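So this block is input-v7.txt, compact mmCIF, C-alpha atoms and all ligand atoms:
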# COMPACT_ATOMS: atom_id res chain seq x y z
CA MET A 1 34.29 16.01 -42.16
CA THR A 2 34.19 18.08 -38.97
CA THR A 3 36.89 20.71 -38.79
CA ALA A 4 38.28 23.02 -36.15
CA PRO A 5 41.11 25.52 -36.27
CA THR A 6 44.40 24.10 -35.02
CA LEU A 7 46.18 25.52 -32.04
CA GLY A 8 49.33 27.43 -32.84
CA GLY A 9 47.94 29.55 -35.64
CA SER A 10 48.01 27.07 -38.53
CA MET A 11 44.92 27.27 -40.70
CA THR A 12 45.13 23.58 -41.56
CA PRO A 13 41.74 22.06 -40.76
CA GLN A 14 41.70 19.29 -38.18
CA VAL A 15 39.60 16.19 -37.95
CA ILE A 16 38.22 15.41 -34.50
CA ILE A 17 38.88 11.78 -33.69
CA GLN A 18 36.71 9.47 -31.65
CA SER A 19 38.58 6.16 -31.99
CA ALA A 20 41.63 4.50 -33.52
CA HIS A 21 42.43 0.89 -34.39
CA GLY A 22 45.27 -0.59 -36.43
CA CYS A 23 46.39 2.12 -38.85
CA ARG A 24 42.96 3.77 -39.05
CA ILE A 25 41.43 6.66 -37.16
CA THR A 26 37.70 7.43 -37.12
CA ASP A 27 36.35 10.97 -36.75
CA ILE A 28 33.19 12.03 -34.94
CA ASP A 29 31.24 11.84 -38.20
CA ASN A 30 32.32 8.20 -38.57
CA ASN A 31 34.73 8.86 -41.46
CA ASP A 32 37.73 6.50 -41.49
CA TYR A 33 41.22 7.66 -42.48
CA ILE A 34 44.51 5.86 -42.76
CA ASP A 35 46.69 7.61 -40.19
CA LEU A 36 50.18 8.71 -41.22
CA SER A 37 51.21 10.18 -37.87
CA MET A 38 50.32 7.35 -35.44
CA GLY A 39 50.41 9.51 -32.32
CA PHE A 40 53.57 11.34 -33.44
CA GLY A 41 55.24 7.98 -33.95
CA SER A 42 54.38 6.56 -30.55
CA ASN A 43 51.98 3.85 -31.78
CA ILE A 44 54.69 1.86 -33.53
CA ILE A 45 52.80 -1.46 -33.43
CA GLY A 46 49.56 0.26 -34.43
CA HIS A 47 46.64 1.96 -32.68
CA SER A 48 45.37 -0.10 -29.73
CA PRO A 49 47.03 -3.41 -30.65
CA ALA A 50 45.81 -6.33 -28.50
CA VAL A 51 49.25 -6.88 -26.97
CA VAL A 52 49.35 -3.36 -25.49
CA GLN A 53 45.62 -3.04 -24.85
CA ASN A 54 45.54 -6.25 -22.78
CA ALA A 55 48.52 -5.10 -20.72
CA ILE A 56 46.77 -1.79 -19.95
CA ILE A 57 43.50 -3.54 -19.04
CA ASP A 58 45.32 -6.06 -16.78
CA GLN A 59 47.13 -3.21 -15.05
CA ALA A 60 43.93 -1.19 -14.67
CA HIS A 61 42.60 -4.06 -12.52
CA LYS A 62 45.65 -3.77 -10.28
CA GLY A 63 45.82 0.05 -9.84
CA TRP A 64 47.38 2.90 -11.75
CA ASN A 65 49.42 5.17 -9.55
CA PHE A 66 51.47 3.67 -6.73
CA GLY A 67 53.96 6.53 -6.27
CA LEU A 68 56.55 3.90 -5.34
CA THR A 69 58.77 1.55 -7.32
CA SER A 70 56.92 -1.36 -8.94
CA ASP A 71 58.21 -4.76 -10.04
CA SER A 72 57.19 -3.87 -13.62
CA GLN A 73 59.55 -0.88 -13.53
CA LEU A 74 62.42 -3.23 -12.69
CA LYS A 75 61.53 -5.52 -15.62
CA LEU A 76 61.21 -2.54 -17.94
CA ALA A 77 64.59 -1.17 -16.87
CA ASP A 78 66.11 -4.58 -17.74
CA LEU A 79 64.67 -4.39 -21.26
CA ILE A 80 65.86 -0.81 -21.80
CA ARG A 81 69.34 -1.82 -20.66
CA GLN A 82 69.42 -4.21 -23.64
CA ALA A 83 68.91 -1.33 -26.07
CA GLY A 84 72.42 0.08 -25.86
CA PRO A 85 75.76 0.22 -24.09
CA ALA A 86 75.03 3.61 -22.49
CA ASN A 87 71.94 2.30 -20.71
CA GLU A 88 73.58 1.12 -17.51
CA ARG A 89 71.02 2.74 -15.24
CA ILE A 90 67.50 3.97 -15.97
CA LEU A 91 65.29 6.67 -14.48
CA PHE A 92 61.59 6.86 -15.41
CA CYS A 93 59.61 10.02 -16.03
CA ALA A 94 56.34 10.93 -17.69
CA SER A 95 57.30 12.33 -21.13
CA GLY A 96 60.14 12.94 -23.55
CA SER A 97 60.28 16.58 -22.43
CA GLU A 98 60.76 15.54 -18.81
CA ALA A 99 63.50 13.15 -19.93
CA THR A 100 65.51 15.83 -21.76
CA ALA A 101 65.00 18.41 -18.97
CA ILE A 102 66.19 15.96 -16.32
CA ALA A 103 69.09 14.67 -18.45
CA MET A 104 70.35 18.23 -19.10
CA ARG A 105 70.17 18.99 -15.37
CA ALA A 106 72.05 15.78 -14.56
CA ALA A 107 74.82 16.62 -17.06
CA ARG A 108 75.16 20.12 -15.57
CA ALA A 109 75.46 18.67 -12.08
CA TYR A 110 77.89 15.95 -13.17
CA THR A 111 80.25 18.30 -15.01
CA ASN A 112 79.70 21.36 -12.85
CA LYS A 113 79.27 23.38 -16.06
CA ASP A 114 76.15 25.22 -17.27
CA VAL A 115 75.94 25.31 -21.05
CA VAL A 116 74.23 22.70 -23.25
CA GLY A 117 75.04 22.55 -26.98
CA VAL A 118 71.92 22.20 -29.15
CA PHE A 119 71.79 21.73 -32.92
CA GLY A 120 69.77 23.83 -35.36
CA GLY A 121 66.64 21.98 -36.51
CA ALA A 122 66.52 19.96 -33.29
CA TYR A 123 63.48 19.35 -31.12
CA HIS A 124 63.95 18.30 -27.52
CA GLY A 125 60.60 19.13 -25.89
CA VAL A 126 58.51 21.86 -24.30
CA HIS A 127 60.70 23.09 -21.44
CA ASP A 128 62.28 26.55 -21.71
CA ALA A 129 65.89 25.46 -22.29
CA ALA A 130 64.76 23.11 -25.09
CA LEU A 131 63.04 25.98 -26.85
CA ILE A 132 66.23 28.04 -27.21
CA THR A 133 67.75 26.89 -30.42
CA ALA A 134 69.89 27.85 -33.36
CA ASP A 135 68.35 30.39 -35.70
CA PRO A 136 67.58 28.39 -38.89
CA GLU A 137 68.85 31.27 -41.07
CA HIS A 138 71.97 31.97 -38.99
CA PRO A 139 72.87 28.74 -37.13
CA SER A 140 75.47 30.45 -34.93
CA LYS A 141 72.79 32.77 -33.45
CA LYS A 142 70.14 31.88 -30.88
CA ALA A 143 66.42 31.93 -31.51
CA HIS A 144 63.46 31.22 -29.23
CA VAL A 145 60.73 28.86 -30.37
CA GLY A 146 57.63 30.92 -29.60
CA LEU A 147 57.15 33.62 -26.98
CA GLY A 148 57.71 33.60 -23.24
CA ILE A 149 61.22 32.15 -23.06
CA PRO A 150 63.37 34.34 -20.77
CA ASP A 151 66.42 35.91 -22.43
CA ALA A 152 68.19 35.23 -19.15
CA LEU A 153 68.35 31.54 -20.12
CA ASP A 154 70.11 32.22 -23.42
CA SER A 155 73.56 31.94 -21.89
CA THR A 156 72.79 28.31 -20.89
CA VAL A 157 72.45 27.14 -24.50
CA GLU A 158 75.03 27.10 -27.31
CA PRO A 159 73.62 26.74 -30.83
CA LEU A 160 75.55 24.36 -33.07
CA SER A 161 75.20 23.51 -36.72
CA TYR A 162 74.13 19.87 -37.30
CA GLY A 163 76.53 17.77 -39.34
CA SER A 164 79.24 20.45 -39.52
CA ALA A 165 82.96 20.41 -38.76
CA GLU A 166 82.54 23.91 -37.25
CA ALA A 167 80.32 22.41 -34.55
CA LEU A 168 83.11 20.04 -33.54
CA GLN A 169 85.58 22.92 -33.37
CA ARG A 170 83.10 25.03 -31.36
CA ILE A 171 82.79 22.16 -28.84
CA ARG A 172 86.60 22.08 -28.48
CA ASP A 173 86.68 25.88 -28.04
CA LEU A 174 83.92 25.91 -25.43
CA LYS A 175 84.82 22.73 -23.58
CA GLY A 176 85.32 24.64 -20.32
CA GLN A 177 81.68 25.79 -20.39
CA LEU A 178 79.83 22.96 -22.12
CA ALA A 179 78.19 20.46 -19.77
CA ALA A 180 76.62 18.44 -22.59
CA VAL A 181 75.80 18.30 -26.24
CA ILE A 182 72.33 16.92 -26.98
CA VAL A 183 71.68 15.45 -30.41
CA GLU A 184 68.94 13.51 -32.19
CA PRO A 185 70.81 10.83 -34.17
CA VAL A 186 68.24 11.50 -36.91
CA GLN A 187 66.43 14.84 -36.74
CA SER A 188 62.64 14.59 -37.17
CA SER A 189 62.73 17.96 -38.88
CA PHE A 190 64.98 16.59 -41.62
CA PRO A 191 65.26 12.81 -41.34
CA VAL A 192 68.42 12.35 -43.36
CA VAL A 193 71.76 11.47 -41.85
CA GLU A 194 74.28 13.26 -43.98
CA SER A 195 77.23 11.55 -42.35
CA GLU A 196 77.32 8.67 -39.92
CA ILE A 197 81.03 9.37 -39.53
CA TRP A 198 80.17 12.85 -38.24
CA LEU A 199 77.97 11.35 -35.52
CA LYS A 200 80.92 9.21 -34.38
CA GLU A 201 83.23 12.23 -34.54
CA LEU A 202 80.78 14.22 -32.45
CA GLU A 203 80.82 11.49 -29.82
CA THR A 204 84.61 11.31 -29.81
CA THR A 205 85.01 15.09 -29.68
CA CYS A 206 82.65 15.39 -26.70
CA ARG A 207 84.42 12.56 -24.89
CA GLU A 208 87.86 14.09 -25.49
CA CYS A 209 86.57 17.44 -24.20
CA GLY A 210 84.88 16.15 -21.04
CA VAL A 211 81.44 17.12 -22.43
CA VAL A 212 78.56 14.69 -21.82
CA ILE A 213 77.33 13.34 -25.15
CA MET A 214 73.59 12.94 -24.88
CA LEU A 215 71.59 11.11 -27.54
CA ASP A 216 67.97 12.22 -27.66
CA GLU A 217 66.26 9.01 -28.78
CA VAL A 218 62.73 10.09 -27.88
CA MET A 219 61.81 9.65 -31.54
CA THR A 220 64.50 7.27 -32.82
CA GLY A 221 64.60 4.91 -29.82
CA PHE A 222 62.94 1.53 -30.54
CA ARG A 223 61.98 2.92 -33.98
CA LEU A 224 65.14 2.89 -36.11
CA ALA A 225 66.02 -0.45 -34.50
CA PHE A 226 65.36 -1.96 -31.09
CA GLY A 227 68.58 -0.23 -30.05
CA GLY A 228 67.56 2.99 -31.85
CA GLY A 229 70.28 5.28 -33.18
CA GLN A 230 72.79 3.82 -30.73
CA SER A 231 72.74 0.49 -32.54
CA LYS A 232 71.94 1.75 -36.06
CA PHE A 233 74.95 4.09 -36.10
CA GLY A 234 77.21 2.18 -33.70
CA LEU A 235 77.19 4.96 -31.10
CA SER A 236 78.10 4.70 -27.46
CA PRO A 237 76.91 7.93 -25.81
CA ASP A 238 77.00 8.92 -22.13
CA MET A 239 73.30 9.56 -21.69
CA VAL A 240 70.17 8.69 -23.68
CA THR A 241 66.60 9.99 -23.48
CA TYR A 242 63.55 7.92 -24.46
CA GLY A 243 59.79 8.38 -24.85
CA LYS A 244 57.25 7.91 -27.64
CA ALA A 245 57.51 4.39 -29.17
CA MET A 246 58.90 3.06 -25.89
CA ALA A 247 55.43 3.18 -24.34
CA GLY A 248 53.40 2.23 -27.41
CA GLY A 249 51.24 5.37 -27.21
CA LEU A 250 50.99 6.04 -23.47
CA PRO A 251 52.74 9.03 -21.87
CA ALA A 252 56.18 8.00 -20.66
CA GLY A 253 59.83 8.91 -20.75
CA ALA A 254 63.12 7.55 -19.52
CA VAL A 255 66.65 8.80 -18.92
CA ALA A 256 69.35 6.19 -19.37
CA GLY A 257 73.03 6.67 -18.76
CA ARG A 258 76.37 5.48 -17.60
CA ALA A 259 76.31 4.45 -13.95
CA GLU A 260 78.95 6.99 -13.03
CA ILE A 261 76.79 9.86 -14.34
CA MET A 262 73.47 8.46 -13.10
CA LYS A 263 74.90 8.52 -9.58
CA VAL A 264 74.01 12.24 -9.50
CA PHE A 265 70.43 11.17 -8.81
CA GLU A 266 71.39 9.27 -5.66
CA ARG A 267 70.93 11.10 -2.39
CA SER A 268 74.35 11.67 -0.90
CA ASN A 269 74.93 11.84 2.84
CA HIS A 270 74.17 15.55 2.77
CA GLY A 271 70.97 15.07 0.79
CA SER A 272 72.31 16.90 -2.27
CA SER A 273 71.48 15.22 -5.53
CA VAL A 274 69.85 16.06 -8.83
CA PHE A 275 66.12 16.47 -8.39
CA ALA A 276 63.95 14.28 -10.61
CA GLY A 277 60.47 12.99 -10.08
CA SER A 278 56.87 13.89 -10.80
CA ALA A 279 53.45 12.55 -9.84
CA PHE A 280 53.12 10.39 -12.95
CA ALA A 281 56.76 9.36 -13.45
CA GLY A 282 56.91 5.63 -14.15
CA ASN A 283 53.16 5.29 -13.54
CA PRO A 284 51.92 1.67 -13.70
CA LEU A 285 49.73 2.06 -16.80
CA SER A 286 52.55 3.59 -18.86
CA VAL A 287 55.02 1.05 -17.53
CA ALA A 288 52.63 -1.82 -18.40
CA ALA A 289 52.23 -0.44 -21.93
CA SER A 290 56.00 0.04 -22.24
CA LEU A 291 56.74 -3.45 -21.01
CA ALA A 292 54.25 -4.98 -23.45
CA THR A 293 55.55 -2.86 -26.35
CA LEU A 294 59.25 -3.41 -25.71
CA SER A 295 58.81 -7.15 -25.07
CA TYR A 296 56.96 -7.43 -28.37
CA LEU A 297 59.56 -5.38 -30.25
CA HIS A 298 62.44 -7.30 -28.69
CA GLU A 299 60.96 -10.72 -29.45
CA ASN A 300 60.08 -9.78 -33.03
CA ARG A 301 63.02 -7.48 -33.75
CA GLU A 302 64.46 -9.61 -36.59
CA SER A 303 61.33 -9.32 -38.74
CA PHE A 304 59.72 -6.18 -37.27
CA TYR A 305 62.28 -3.58 -38.30
CA GLY A 306 62.90 -5.12 -41.74
CA SER A 307 59.24 -4.97 -42.52
CA LEU A 308 58.84 -1.40 -41.23
CA GLU A 309 61.76 -0.40 -43.47
CA GLU A 310 60.11 -2.15 -46.43
CA SER A 311 56.75 -0.39 -45.90
CA SER A 312 58.54 2.95 -45.59
CA ALA A 313 60.45 2.37 -48.85
CA ASP A 314 57.27 1.12 -50.58
CA LEU A 315 55.60 4.39 -49.67
CA THR A 316 58.49 6.72 -50.45
CA ASP A 317 60.00 5.32 -53.65
CA PRO A 318 56.96 5.35 -56.01
CA LEU A 319 55.89 8.79 -54.78
CA ASN A 320 59.33 10.32 -55.26
CA ALA A 321 59.51 8.69 -58.71
CA TYR A 322 56.07 10.06 -59.62
CA TRP A 323 56.84 13.60 -58.37
CA SER A 324 60.17 13.60 -60.12
CA SER A 325 58.78 12.36 -63.45
CA SER A 326 55.89 14.86 -63.28
CA ASN A 327 58.29 17.66 -62.32
CA THR A 328 56.33 18.33 -59.12
CA PRO A 329 58.30 20.11 -56.35
CA LEU A 330 57.47 17.53 -53.68
CA HIS A 331 59.71 14.93 -52.12
CA ILE A 332 59.69 12.58 -49.15
CA ILE A 333 62.96 12.32 -47.27
CA ARG A 334 63.45 9.47 -44.85
CA ASN A 335 65.66 7.50 -42.56
CA GLY A 336 64.17 4.13 -41.66
CA SER A 337 60.53 4.70 -40.74
CA MET A 338 60.99 8.44 -40.06
CA LEU A 339 59.64 10.25 -43.11
CA ARG A 340 58.91 13.87 -43.90
CA MET A 341 57.21 15.38 -46.88
CA MET A 342 59.07 18.44 -48.13
CA LEU A 343 58.62 21.14 -50.72
CA GLN A 344 61.77 20.87 -52.76
CA HIS A 345 62.63 21.14 -56.39
CA ARG A 346 65.11 18.29 -56.54
CA ALA A 347 66.14 15.39 -54.38
CA THR A 348 68.43 17.00 -51.87
CA SER A 349 70.19 16.07 -48.70
CA ASN A 350 70.86 19.75 -48.06
CA ARG A 351 68.42 20.96 -45.42
CA ASN A 352 68.63 24.52 -46.75
CA ASP A 353 67.13 23.46 -50.09
CA ALA A 354 63.96 21.96 -48.61
CA SER A 355 61.02 23.08 -46.50
CA SER A 356 58.32 21.14 -44.69
CA ASN A 357 56.11 24.18 -45.16
CA LEU A 358 54.50 23.11 -48.41
CA GLY A 359 53.64 26.74 -49.23
CA PRO A 360 50.49 27.42 -51.22
CA ILE A 361 49.64 23.74 -51.62
CA ASP A 362 49.92 22.91 -47.91
CA ASP A 363 46.30 23.05 -46.70
CA ALA A 364 44.93 22.12 -50.11
CA PHE A 365 47.04 18.95 -50.26
CA PHE A 366 45.96 18.02 -46.75
CA VAL A 367 42.25 18.50 -47.52
CA HIS A 368 42.44 16.64 -50.86
CA LEU A 369 44.25 13.80 -49.08
CA LEU A 370 41.62 13.67 -46.32
CA GLY A 371 38.94 13.49 -49.00
CA ARG A 372 40.77 10.43 -50.30
CA GLY A 373 40.81 8.82 -46.86
CA VAL A 374 44.34 9.57 -45.66
CA ALA A 375 45.28 11.86 -42.73
CA LEU A 376 48.65 13.66 -42.84
CA HIS A 377 49.69 15.59 -39.74
CA ALA A 378 50.31 19.36 -40.01
CA SER A 379 54.04 18.80 -39.39
CA ARG A 380 54.05 16.72 -42.62
CA SER A 381 56.01 14.07 -40.73
CA ILE A 382 55.02 10.47 -41.43
CA TYR A 383 55.58 7.57 -39.03
CA LEU A 384 54.40 4.21 -40.29
CA SER A 385 53.56 1.31 -37.98
CA ALA A 386 53.40 -2.46 -38.19
CA ALA A 387 49.64 -2.08 -38.75
CA HIS A 388 50.14 -0.50 -42.21
CA THR A 389 49.81 -3.40 -44.65
CA ARG A 390 51.05 -3.52 -48.22
CA GLU A 391 47.45 -2.82 -49.31
CA ASP A 392 47.27 0.25 -47.05
CA ILE A 393 50.55 1.54 -48.50
CA ASN A 394 49.12 1.20 -52.04
CA ILE A 395 46.03 3.15 -50.97
CA ILE A 396 48.23 5.91 -49.48
CA VAL A 397 50.39 6.12 -52.63
CA ASP A 398 47.27 6.38 -54.85
CA ALA A 399 45.72 8.99 -52.54
CA MET A 400 48.90 11.09 -52.52
CA ILE A 401 49.15 10.97 -56.31
CA GLY A 402 45.45 11.86 -56.51
CA ALA A 403 45.92 14.80 -54.10
CA THR A 404 48.90 15.99 -56.17
CA GLU A 405 46.77 15.90 -59.33
CA ASP A 406 43.96 17.77 -57.52
CA CYS A 407 46.42 20.49 -56.49
CA ALA A 408 47.88 20.60 -60.01
CA SER A 409 44.47 21.02 -61.61
CA ASP A 410 43.71 23.81 -59.09
CA GLY A 411 46.87 25.49 -60.51
CA LEU A 412 48.60 25.46 -57.15
CA PHE A 413 52.03 24.44 -58.45
CA ARG A 414 52.03 27.13 -61.11
CA ASN A 415 54.25 29.67 -59.35
CA LEU A 416 56.46 27.25 -57.45
N1 LIG A 501 62.85 14.87 -28.02
C1 LIG A 501 62.53 14.49 -29.27
C2 LIG A 501 63.62 14.07 -30.22
C3 LIG A 501 61.20 14.47 -29.68
O1 LIG A 501 60.89 14.09 -30.94
C4 LIG A 501 60.21 14.85 -28.76
C5 LIG A 501 58.73 14.85 -29.14
N2 LIG A 501 58.44 15.11 -30.44
C6 LIG A 501 60.59 15.24 -27.47
C7 LIG A 501 61.92 15.23 -27.12
C8 LIG A 501 59.56 15.65 -26.45
O2 LIG A 501 58.79 14.54 -26.08
P1 LIG A 501 57.31 14.72 -25.49
O3 LIG A 501 56.45 15.25 -26.58
O4 LIG A 501 56.93 13.33 -25.03
O5 LIG A 501 57.42 15.66 -24.34
As structure tokens, please, write out the structure in this file.
Amino acid sequence: MTTAPTLGGSMTPQVIIQSAHGCRITDIDNNDYIDLSMGFGSNIIGHSPAVVQNAIIDQAHKGWNFGLTSDSQLKLADLIRQAGPANERILFCASGSEATAIAMRAARAYTNKDVVGVFGGAYHGVHDAALITADPEHPSKKAHVGLGIPDALDSTVEPLSYGSAEALQRIRDLKGQLAAVIVEPVQSSFPVVESEIWLKELETTCRECGVVIMLDEVMTGFRLAFGGGQSKFGLSPDMVTYGKAMAGGLPAGAVAGRAEIMKVFERSNHGSSVFAGSAFAGNPLSVAASLATLSYLHENRESFYGSLEESSADLTDPLNAYWSSSNTPLHIIRNGSMLRMMLQHRATSNRNDASSNLGPIDDAFFVHLLGRGVALHASRSIYLSAAHTREDINIIVDAMIGATEDCASDGLFRNL
């Protein structure tokens, strides 16, 4: 195993990958691992599946950056429109971060208000405004994720507490300032939906208050269902952001929204509109991969999502049963095929009782698991794909139990 320190200060060793096929990744020493991250969830059909690979190769013969609208973009927009009632018009960009940055700007322009409500535990990308969030310890206070975020931007973000009635009241109180509220229907940081009713109430509250309700479906879109969280939870937001699984592993993003709001991108007579666009927005390779992925998911949606749900349950249930019966403080929480391994002493849906920082066992568990042929990302998030077979799931379950026993015999659970 070749290792290198990770960026960002974690001491978790990293494998250096040279290739990936199906659900397996191969490192530069030719070791194979079953991958549990799958490109942060973007490779939902698997690594380099023929259906996406062929589309990329075909497109590579035709060119890969036109800088102008392509016929494939029009076909892709048609498919995305079928994913939910909010998706009346679509704008392409190059990543999920671009999508949330552009969507926030559009909501500010549409409402002529500046503040965006963001929930504690949320992740919306790498731009400055997305890295001002609620302090996990004190959700009503603001915290910056990492250094370098100007304090001057703090007044443009309002931290809200996910799942709470106070958040709904805060939206009512601040309706004169709030342009939008952005929410992941299921948070990757804690993939449990405590109350589907609350999500509906959030939507209704925003609508009553003239606040744009923005669903960040970069992770959940085309993963929880073809229609993502919109269809799984019966939501009908104003704007939606996409990325990740949409493009089957290539860099891409999209902003979808109600026609009336999306008009802010049109150049008016005076040339004033919301600026959006970048050199690689809607680039032909990403659009080809997206079109192939979404066509495949749409055609196979009846069986695809049922089987992804089954694999996810087949992985989670025996492990949680084993950890519970062996009194081990580990647990996998999940919604659909979004899973996260947490350090917690009992099954809990309370995010304050659980941590994805696995404490003293963190690196050890990771290394023991690698030794058993399974790669778990440092975030401890798990995103299965259609390429994970029943046999692969059994191997993962055995490897995780083995890694738990390794950690136990090293005495690592002793003080937990
Ligand atoms: N929003 C959500 C919900 C995400 O999960 C992510 C990526 N993890 C982003 C936005 C940012 O997307 P990207 O990494 O493509 O910039």
Determine the axis-aligned bounding box of all atoms of ligand LIG 501 (chain A) present in the file, pad each side by 8 Å, and express its centre and edge lengths in Å to one decimal place as JSON.
{"center_x": 60.0, "center_y": 14.5, "center_z": -27.6, "size_x": 23.2, "size_y": 18.3, "size_z": 22.6}
For A:Leu74: contacts at 12 Å, only C-alpha atoms, fewer than 6 positions along chain excluded, given as an mmCIF file with C-alpha atoms, keeping the file's coordinate frame:
data_model
loop_
_atom_site.group_PDB
_atom_site.id
_atom_site.type_symbol
_atom_site.label_atom_id
_atom_site.label_comp_id
_atom_site.auth_asym_id
_atom_site.auth_seq_id
_atom_site.Cartn_x
_atom_site.Cartn_y
_atom_site.Cartn_z
ATOM 1 C CA LEU A 68 56.550 3.900 -5.340
ATOM 2 C CA ILE A 80 65.860 -0.810 -21.800
ATOM 3 C CA ARG A 81 69.340 -1.820 -20.660
ATOM 4 C CA ARG A 89 71.020 2.740 -15.240
ATOM 5 C CA ILE A 90 67.500 3.970 -15.970
ATOM 6 C CA LEU A 91 65.290 6.670 -14.480
ATOM 7 C CA PHE A 92 61.590 6.860 -15.410
ATOM 8 C CA GLY A 282 56.910 5.630 -14.150
ATOM 9 C CA PRO A 284 51.920 1.670 -13.700
ATOM 10 C CA VAL A 287 55.020 1.050 -17.530
ATOM 11 C CA ALA A 288 52.630 -1.820 -18.400
ATOM 12 C CA SER A 290 56.000 0.040 -22.240
ATOM 13 C CA LEU A 291 56.740 -3.450 -21.010
#
Problem - Distance filter 6 Å around ligand LIG 501 (chain A), atoms: all atoms listed in the file, out as an MDAnalysis selection string - result: chainID A and resid 95:97 123:125 184 216:219 243
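The residue that comes closest to A:Gly227, out of A:Leu358, A:Leu330, A:Leu79, A:Leu160 and on the basis of all atoms listed in the file, is A:Leu79.
For the set A:Tyr242, A:Ala225, A:Asp114, A:His144, the residue with the smallest atom-to-atom gap to A:Ala180 is A:Asp114, counting all atoms listed in the file.
The smallest atom-to-atom distance between A:Val264 and any of A:Val118, A:Val51, A:Leu76, A:Met104, using all atoms listed in the file, is found for A:Met104.
Atom CA of A:Tyr33 to atom CA of A:Asn327 spans 28.0 Å [interatomic distance, one decimal].
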Practice task
May I ask for the distance between atom CA of A:Asp398 and atom CA of A:Trp323, given in Å to one decimal place?
Solution key: 12.5 Å
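The nearest approach to A:Arg105 among the residues A:Ser325, A:Asn31, A:Thr156, A:Gln53, with only C-alpha atoms taken into account, belongs to A:Thr156.
As for atom CA of A:Gln177 and atom CA of A:Glu201, they are spaced 19.7 Å apart.
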Exercise for the section: Quick one: everything within 12 Å of stretch 404-415 of chain A, counting all atoms listed in the file, minus sequence neighbours fewer than 5 positions away in the same chain. Send it as a ChimeraX atom specification. Expected result: /A:319-320,322-323,326-331,343-345,358-369,371-372,397-399
Practice task
Would you please work out which residue, of A:Ala378, A:Leu215, A:Ala245, A:Leu174, is nearest to A:Phe233 when using all atoms listed in the file?
Solution key: A:Leu215
Problem - Shortest interatomic distance to A:Gly249 - which of A:Ala50, A:Leu297, A:Met38, A:Leu131, counting all atoms listed in the file - result: A:Met38
Exercise for the section: Write out as a PyMOL selection string which residues come within 9 Å of A:Ala86 when counting only C-alpha atoms, dropping same-chain ones fewer than 3 positions away. Expected result: chain A and resi 81+83+89+230+235-240+256-259
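Excluding stretch 188-194 of chain A and any residue on its chain fewer than 6 positions from it, the residues at most 8 Å away by all atoms listed in the file are Gly121, Ala122, Tyr123, Gly163, Met219, Ile333, Arg334, Asn335, Met338, Leu339, Arg340, Ser349, Arg351, Ser356 and Ser381 of chain A.
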